[in-house]
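Engineer: Please read through the structure below; I'll follow up with questions.
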Amino acid sequence: MTNGPAADGPAAYGLALEDAALDGNAIGGLLIEIFGTEMTTATGTCGTCGTVSQVAELAVYLRGLDTVVRCRGCDSALMVFVPVRGITCVDLQGLISLTTS
Amino acid sequence: MTRDFPVLSAGPTPRTALANWTFSITGGREPKSWTWQEFRALPAETLTTDIHCVTSWSKLDTSWQGVSLDVLLAAVEYEAQYVLAFCDGGYTTNMPVADLTGGRAWVAFGYDGGPLGPEHGGPARLLVPHLYFWKSAKWVRGLRLRDTDEPGFWENYGYHMYGDPWREQRYAGD
Amino acid sequence: MAGTAVRGRLTWQTATVGSVIDETPTARTLLLDVAGWPGHRGGQHVDIRLTADDGYQAERAYSIASAPGEPLAITVERLEDGEVSPYLTQEARAGDEFEVRGPIGGYFVWQPAFGGPLLLLAGGSGIVPLRAILRYRGLIGSSVPVRLLYSSRRLQDVIYRAELDHAGDGVEVIHALTRSQPAGWTGYARRVDDQMLAEVAWPAADKPLAYACGPTSFVETVAAGLVRLGYPPVRVRTERFGATGQ
């Protein structure tokens with residue numbers, strides 16, 4: 001992926017910039033660091049609405065150093081990663097399951 | 001769309017219609033709530049201040065319009081020492097009540113001469129410039145007065161309970 | 001032990017810029033030398049990390065522009081207020097070093113076993129991983145039919161234009177220029193919409209596989225449009241780019 005304005009920005013497609021969440025592909029490296037294996041093809045089940053998604057397809061919000069991964073069905077936070085002084089706090093409580101293929 | 005300061009969001013932008021918007025203070029002797037019209041009828045101030053983001057970025061001389069928390073809290077009888085601010089989208093953040101009073105905090109509805117856009121926390125956000133900017137909760141809908149200081153969303157993960165930029169209190173233990 | 005890639009371990013390695021190629025006024029390809037590079041698949045990306053003199057670090061992800069077996073290359077588009085892209089597109093030169101980790105990604109990849117026909121949809125710099133997939137397809141001599149719909153602002157913003165003009169047998173490239181078009185342009189002159197998708201996409205009955213890459217809004221527009229055309233969501237793979245940097 002490339003963090004570029006790309007030829008057609010979100011405004012051109014009628015979506016406000018702030019709704020432009022990325023997807024699980026964007027945190028592929030972080031996930032390997034945390035889980036020790038490729039996770040974008042892993043399947044997660046939302047504990048709130050039951051939607052099943054591949055991690056690559058979840059909505060990812062990059063907030064400085066922190067990352068919030070949300071269900072596309074109900075916007076619940078499924079995974080939250082907060083690095084504090086070199087140790088990352090990992091919260092997966094929003095998921096009812098996370099299965100690697 | 002203003003790009004004056006970066007939009008770092010933890011979730012999708014809530015879009016609450018003004019007709020459905022309320023600001024509430026609970027945990028006092030009696031709960032108190034304002035509709036958007038009632039809120040905008042309160043005396044408001046214009047202020048210019050610096051804001052400090054935890055990602056080492058600061059923006060100087062930002063201009064806001066808002067209602068002072070002194071005005072809002074004056075409508076409630078309370079003994080609590082802490083608040084948990086709550087927002088559309090589920091975000092929460094905590095602070096001592098004392099940090100919201102004495103002309104140091106606002107519920108802001110205007111930025112840079114115009115209405116506060118949703119991407120920057122509109123229709124209204126908390127503005128507490130003397131603390132790190134994550135305490136200035138976007139899309140704020142009210143305060144829960146509490147006797148104890150309970151961590152909000154980021155504080156639960158290790159962000160500092162107080163967040164004083166002058167003491168560089170980014171993370172718990174700083 | 002040489003720097004072999006242990007499955008599941010991702011370490012930061014030193015990348016040395018080998019050479020640079022200016023693709024468009026705002027996009028540049030950097031060929032990178034990484035000792036012991038384990039190889040990569042088309043569609044994967046790398047994380048790049050720059051460290052300033054004061055220790056400040058910035059990390060970004062960039063899609064790999066080259067095919068498996070080819071030297072590692074990334075194509076970077078310059079963001080006006082970006083932290084990393086201005087350095088990579090304007091300052092980095094042969095011999096410069098920064099950190100890289102990868103290859104990363106197991107979802108937005110294609111293998112011949114996945115079949116086709118392939119529908120590739122690129123919004124701006126979303127072309128990068130799709131070009132890697134196309135080059136891979138060419139290198140292995142696959143005959144899976146491909147249609148590439150590539151949306152750009154103007155003709156001069158089209159990355160890999162000459163290469164795509166000669167994409168070879170079985171690859172059809174359709175351009176959409178959304179902001180301005182050269183005189184005599186007979187191609188699409190608007191943003192991708194349902195009508196355009198209906199004209200370009202393989203019929204759902206052909207059981208195509210779609211890969212959509214670009215800014216979030218582009219990806220969501222095309223993905224939703226393809227589902228409306230009858231593509232099963234599981235046959236539409238998506239990769240969203242950040243529309244702006246910090």
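Here's how to read the names in the structure tokens: chain A, B, ... by the order shown, residue numbers from 1 in each chain, ligand numbers from 1 in the order shown.
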Per residue of stretch 180-236 of chain C within 12 Å of stretch 22-32 of chain A, which atom pair is closest and at what distance in Å (one decimal), using only C-alpha atoms, listed by chain and increasing number, as a tab-separated table?
Structural biologist:
residue	atom	partner	partner_atom	distance
C:Cys213	CA	A:Asn25	CA	10.9
C:Gly214	CA	A:Leu22	CA	10.3
C:Pro215	CA	A:Leu22	CA	8.5
C:Thr216	CA	A:Leu22	CA	6.5
C:Ser217	CA	A:Leu22	CA	9.9
C:Phe218	CA	A:Leu22	CA	11.8
C:Val219	CA	A:Leu22	CA	10.2
C:Glu220	CA	A:Leu22	CA	10.7
Engineer: Kindly give the distance, in Å, that separates atom CA of C:Asp53 and atom CA of C:Asp22, rounded to a single decimal.
Structural biologist: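 Straight-line distance from atom CA of C:Asp53 to atom CA of C:Asp22 works out to 27.0 Å.
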Engineer: With 8 Å as the cut-off and only C-alpha atoms counted, what is the closest atom pair between each nearby residue of chain C and chain A? Distances in Å to one decimal, ordered by chain and number, as JSON lines.
Structural biologist:
{"residue": "C:Arg7", "atom": "CA", "partner": "A:Thr37", "partner_atom": "CA", "distance": 7.5}
{"residue": "C:Gly8", "atom": "CA", "partner": "A:Thr37", "partner_atom": "CA", "distance": 4.3}
{"residue": "C:Arg9", "atom": "CA", "partner": "A:Gly36", "partner_atom": "CA", "distance": 6.2}
{"residue": "C:Leu10", "atom": "CA", "partner": "A:Glu33", "partner_atom": "CA", "distance": 6.7}
{"residue": "C:His45", "atom": "CA", "partner": "A:Met1", "partner_atom": "CA", "distance": 6.5}
{"residue": "C:Asp47", "atom": "CA", "partner": "A:Gly29", "partner_atom": "CA", "distance": 7.0}
{"residue": "C:Arg60", "atom": "CA", "partner": "A:Asn3", "partner_atom": "CA", "distance": 7.4}
{"residue": "C:Ala61", "atom": "CA", "partner": "A:Met1", "partner_atom": "CA", "distance": 6.0}
{"residue": "C:Tyr62", "atom": "CA", "partner": "A:Met1", "partner_atom": "CA", "distance": 4.5}
{"residue": "C:Ser63", "atom": "CA", "partner": "A:Met1", "partner_atom": "CA", "distance": 4.2}
{"residue": "C:Ile64", "atom": "CA", "partner": "A:Met1", "partner_atom": "CA", "distance": 8.0}
{"residue": "C:Thr75", "atom": "CA", "partner": "A:Thr2", "partner_atom": "CA", "distance": 7.8}
{"residue": "C:Val76", "atom": "CA", "partner": "A:Thr2", "partner_atom": "CA", "distance": 6.2}
{"residue": "C:Glu77", "atom": "CA", "partner": "A:Gly4", "partner_atom": "CA", "distance": 5.3}
{"residue": "C:Arg78", "atom": "CA", "partner": "A:Gly4", "partner_atom": "CA", "distance": 6.3}
{"residue": "C:Leu79", "atom": "CA", "partner": "A:Gly4", "partner_atom": "CA", "distance": 5.4}
{"residue": "C:Ser85", "atom": "CA", "partner": "A:Asn3", "partner_atom": "CA", "distance": 7.9}
{"residue": "C:Arg101", "atom": "CA", "partner": "A:Gly29", "partner_atom": "CA", "distance": 7.8}
{"residue": "C:Gly102", "atom": "CA", "partner": "A:Gly29", "partner_atom": "CA", "distance": 7.5}
{"residue": "C:Ile104", "atom": "CA", "partner": "A:Gly28", "partner_atom": "CA", "distance": 6.0}
{"residue": "C:Gly105", "atom": "CA", "partner": "A:Gly28", "partner_atom": "CA", "distance": 6.1}
{"residue": "C:Gly106", "atom": "CA", "partner": "A:Thr41", "partner_atom": "CA", "distance": 6.3}
{"residue": "C:Tyr107", "atom": "CA", "partner": "A:Thr41", "partner_atom": "CA", "distance": 5.5}
{"residue": "C:Phe108", "atom": "CA", "partner": "A:Asn25", "partner_atom": "CA", "distance": 7.9}
{"residue": "C:Gly123", "atom": "CA", "partner": "A:Ala7", "partner_atom": "CA", "distance": 6.4}
{"residue": "C:Gly124", "atom": "CA", "partner": "A:Ala7", "partner_atom": "CA", "distance": 4.3}
{"residue": "C:Ser125", "atom": "CA", "partner": "A:Ala6", "partner_atom": "CA", "distance": 5.4}
{"residue": "C:Gly126", "atom": "CA", "partner": "A:Met1", "partner_atom": "CA", "distance": 6.8}
{"residue": "C:Val128", "atom": "CA", "partner": "A:Met1", "partner_atom": "CA", "distance": 7.4}
{"residue": "C:Pro129", "atom": "CA", "partner": "A:Met1", "partner_atom": "CA", "distance": 7.2}
{"residue": "C:Ser151", "atom": "CA", "partner": "A:Ala7", "partner_atom": "CA", "distance": 7.1}
{"residue": "C:Ser152", "atom": "CA", "partner": "A:Ala7", "partner_atom": "CA", "distance": 4.8}
{"residue": "C:Arg153", "atom": "CA", "partner": "A:Ala7", "partner_atom": "CA", "distance": 4.8}
{"residue": "C:Asp157", "atom": "CA", "partner": "A:Ala7", "partner_atom": "CA", "distance": 7.5}
{"residue": "C:Thr178", "atom": "CA", "partner": "A:Asp8", "partner_atom": "CA", "distance": 7.6}
{"residue": "C:Arg191", "atom": "CA", "partner": "A:Tyr13", "partner_atom": "CA", "distance": 7.8}
{"residue": "C:Gly214", "atom": "CA", "partner": "A:Ala6", "partner_atom": "CA", "distance": 7.0}
{"residue": "C:Pro215", "atom": "CA", "partner": "A:Gly9", "partner_atom": "CA", "distance": 6.5}
{"residue": "C:Thr216", "atom": "CA", "partner": "A:Ala20", "partner_atom": "CA", "distance": 5.5}
{"residue": "C:Ser217", "atom": "CA", "partner": "A:Pro10", "partner_atom": "CA", "distance": 4.8}
{"residue": "C:Phe218", "atom": "CA", "partner": "A:Tyr13", "partner_atom": "CA", "distance": 6.6}
{"residue": "C:Thr221", "atom": "CA", "partner": "A:Tyr13", "partner_atom": "CA", "distance": 7.5}
{"residue": "C:Thr238", "atom": "CA", "partner": "A:Glu57", "partner_atom": "CA", "distance": 7.2}
{"residue": "C:Glu239", "atom": "CA", "partner": "A:Asn25", "partner_atom": "CA", "distance": 6.4}
{"residue": "C:Arg240", "atom": "CA", "partner": "A:Leu22", "partner_atom": "CA", "distance": 5.3}
{"residue": "C:Phe241", "atom": "CA", "partner": "A:Met1", "partner_atom": "CA", "distance": 5.7}
{"residue": "C:Gly242", "atom": "CA", "partner": "A:Asn3", "partner_atom": "CA", "distance": 4.9}
{"residue": "C:Ala243", "atom": "CA", "partner": "A:Pro5", "partner_atom": "CA", "distance": 4.8}
{"residue": "C:Thr244", "atom": "CA", "partner": "A:Pro5", "partner_atom": "CA", "distance": 5.2}
{"residue": "C:Gly245", "atom": "CA", "partner": "A:Asn3", "partner_atom": "CA", "distance": 6.0}
Engineer: How would the residues just chosen look if you wrote them out with C-alpha atoms as a CSV table (one decimal), in the first residue's frame?
Structural biologist:
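Output below, filename out09.csv:
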chain,number,residue,atom,x,y,z
C,7,ARG,CA,8.5,-18.4,9.5
C,8,GLY,CA,6.5,-16.0,11.7
C,9,ARG,CA,9.5,-13.8,12.6
C,10,LEU,CA,9.6,-10.3,11.2
C,45,HIS,CA,4.0,-5.0,1.1
C,47,ASP,CA,7.0,-1.6,6.3
C,60,ARG,CA,4.9,3.6,6.7
C,61,ALA,CA,3.7,0.6,4.7
C,62,TYR,CA,4.4,0.5,0.9
C,63,SER,CA,3.3,-2.1,-1.6
C,64,ILE,CA,6.0,-4.1,-3.4
C,75,THR,CA,6.7,2.8,-5.7
C,76,VAL,CA,6.0,5.8,-3.5
C,77,GLU,CA,3.6,8.6,-4.2
C,78,ARG,CA,4.6,12.0,-2.8
C,79,LEU,CA,2.2,13.4,-0.3
C,85,SER,CA,7.0,10.3,1.2
C,101,ARG,CA,10.6,-5.4,7.3
C,102,GLY,CA,8.7,-7.9,5.3
C,104,ILE,CA,3.9,-8.8,4.8
C,105,GLY,CA,0.5,-9.9,3.7
C,106,GLY,CA,-1.3,-13.2,2.9
C,107,TYR,CA,-4.6,-11.9,1.9
C,108,PHE,CA,-4.1,-9.5,-1.0
C,123,GLY,CA,-7.4,3.9,-7.7
C,124,GLY,CA,-4.3,6.1,-8.1
C,125,SER,CA,-1.3,4.5,-6.3
C,126,GLY,CA,-3.4,1.4,-5.7
C,128,VAL,CA,1.3,-0.7,-7.3
C,129,PRO,CA,0.4,-4.2,-5.8
C,151,SER,CA,-8.5,5.4,-12.3
C,152,SER,CA,-6.1,8.3,-12.3
C,153,ARG,CA,-6.5,12.1,-12.1
C,157,ASP,CA,-0.4,10.7,-13.2
C,178,THR,CA,-11.1,11.7,-13.6
C,191,ARG,CA,-14.8,8.5,-11.6
C,214,GLY,CA,-6.6,2.5,-3.6
C,215,PRO,CA,-8.0,5.1,-1.3
C,216,THR,CA,-10.7,3.8,1.0
C,217,SER,CA,-13.5,5.6,-0.8
C,218,PHE,CA,-12.5,4.2,-4.2
C,221,THR,CA,-17.3,2.3,-4.2
C,238,THR,CA,-9.7,-5.2,-1.0
C,239,GLU,CA,-6.7,-3.2,0.1
C,240,ARG,CA,-7.3,0.3,1.4
C,241,PHE,CA,-4.6,3.0,1.3
C,242,GLY,CA,-4.4,6.0,3.6
C,243,ALA,CA,-5.8,8.9,1.7
C,244,THR,CA,-3.5,11.4,3.4
C,245,GLY,CA,-0.4,11.1,5.5
Engineer: Enumerate as a PyMOL selection string all residues of chain B assigned to strand (DSSP E) by DSSP on the backbone, naming them with the chain letters and numbers the document uses.
Structural biologist: chain B and resi 22-26+32-35+45-53+57-68+82-87+92-96+106-111+114-115+125-127+140-146
Engineer: Would you mind exporting C-alpha atoms of the selected residues as a short mmCIF file (atom, residue, chain, number, x, y, z; two decimals), in the first residue's frame?
Structural biologist:
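Output file result_19.cif is given in full below:
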data_model
loop_
_atom_site.label_atom_id
_atom_site.label_comp_id
_atom_site.auth_asym_id
_atom_site.auth_seq_id
_atom_site.Cartn_x
_atom_site.Cartn_y
_atom_site.Cartn_z
CA THR B 22 -28.36 16.52 24.49
CA PHE B 23 -25.66 17.30 27.01
CA SER B 24 -26.23 15.77 30.45
CA ILE B 25 -24.59 15.93 33.83
CA THR B 26 -25.42 12.99 36.07
CA LYS B 32 -29.46 17.92 34.45
CA SER B 33 -29.78 17.91 30.68
CA TRP B 34 -29.77 20.52 27.91
CA THR B 35 -31.09 20.22 24.38
CA GLU B 45 -17.20 32.66 25.10
CA THR B 46 -14.64 32.97 22.37
CA LEU B 47 -11.16 31.90 23.36
CA THR B 48 -7.75 31.46 21.82
CA THR B 49 -5.49 28.76 23.20
CA ASP B 50 -2.69 26.32 22.47
CA ILE B 51 -3.44 22.61 22.25
CA HIS B 52 -0.97 19.83 22.96
CA CYS B 53 -1.29 16.47 21.31
CA TRP B 57 2.54 17.98 18.11
CA SER B 58 1.19 21.26 19.38
CA LYS B 59 -0.90 23.88 17.71
CA LEU B 60 -0.67 27.41 18.94
CA ASP B 61 -3.34 30.07 19.02
CA THR B 62 -6.32 27.96 18.10
CA SER B 63 -9.60 29.84 18.28
CA TRP B 64 -12.76 28.33 19.75
CA GLN B 65 -16.28 29.19 20.79
CA GLY B 66 -17.89 27.36 23.65
CA VAL B 67 -19.81 27.31 26.90
CA SER B 68 -17.69 27.29 30.03
CA TYR B 82 -14.11 13.45 39.54
CA VAL B 83 -15.88 13.16 36.22
CA LEU B 84 -16.04 10.67 33.43
CA ALA B 85 -16.88 12.46 30.19
CA PHE B 86 -18.89 10.32 27.77
CA CYS B 87 -19.35 10.73 24.02
CA THR B 92 -14.81 8.21 27.57
CA THR B 93 -12.13 10.12 29.41
CA ASN B 94 -11.67 11.06 33.05
CA MET B 95 -10.42 14.03 35.05
CA PRO B 96 -10.85 15.81 38.38
CA TRP B 106 -15.44 24.47 27.79
CA VAL B 107 -17.91 22.52 25.77
CA ALA B 108 -16.86 23.94 22.41
CA PHE B 109 -19.20 24.23 19.42
CA GLY B 110 -17.17 26.55 17.22
CA TYR B 111 -13.66 26.42 15.79
CA GLY B 114 -17.18 28.51 12.12
CA PRO B 115 -19.22 25.64 13.48
CA ARG B 125 -16.51 18.62 22.07
CA LEU B 126 -14.90 19.02 25.43
CA LEU B 127 -12.02 21.48 25.42
CA VAL B 140 -19.04 14.86 24.02
CA ARG B 141 -22.55 14.21 25.31
CA GLY B 142 -22.13 14.67 29.03
CA LEU B 143 -20.36 14.14 32.31
CA ARG B 144 -20.83 11.52 34.98
CA LEU B 145 -19.84 12.96 38.36
CA ARG B 146 -18.04 10.38 40.48
#
Engineer: What is the distance between atom CA of C:Tyr150 and atom CA of C:Leu72, in Å to one decimal?
Structural biologist: 23.2 Å
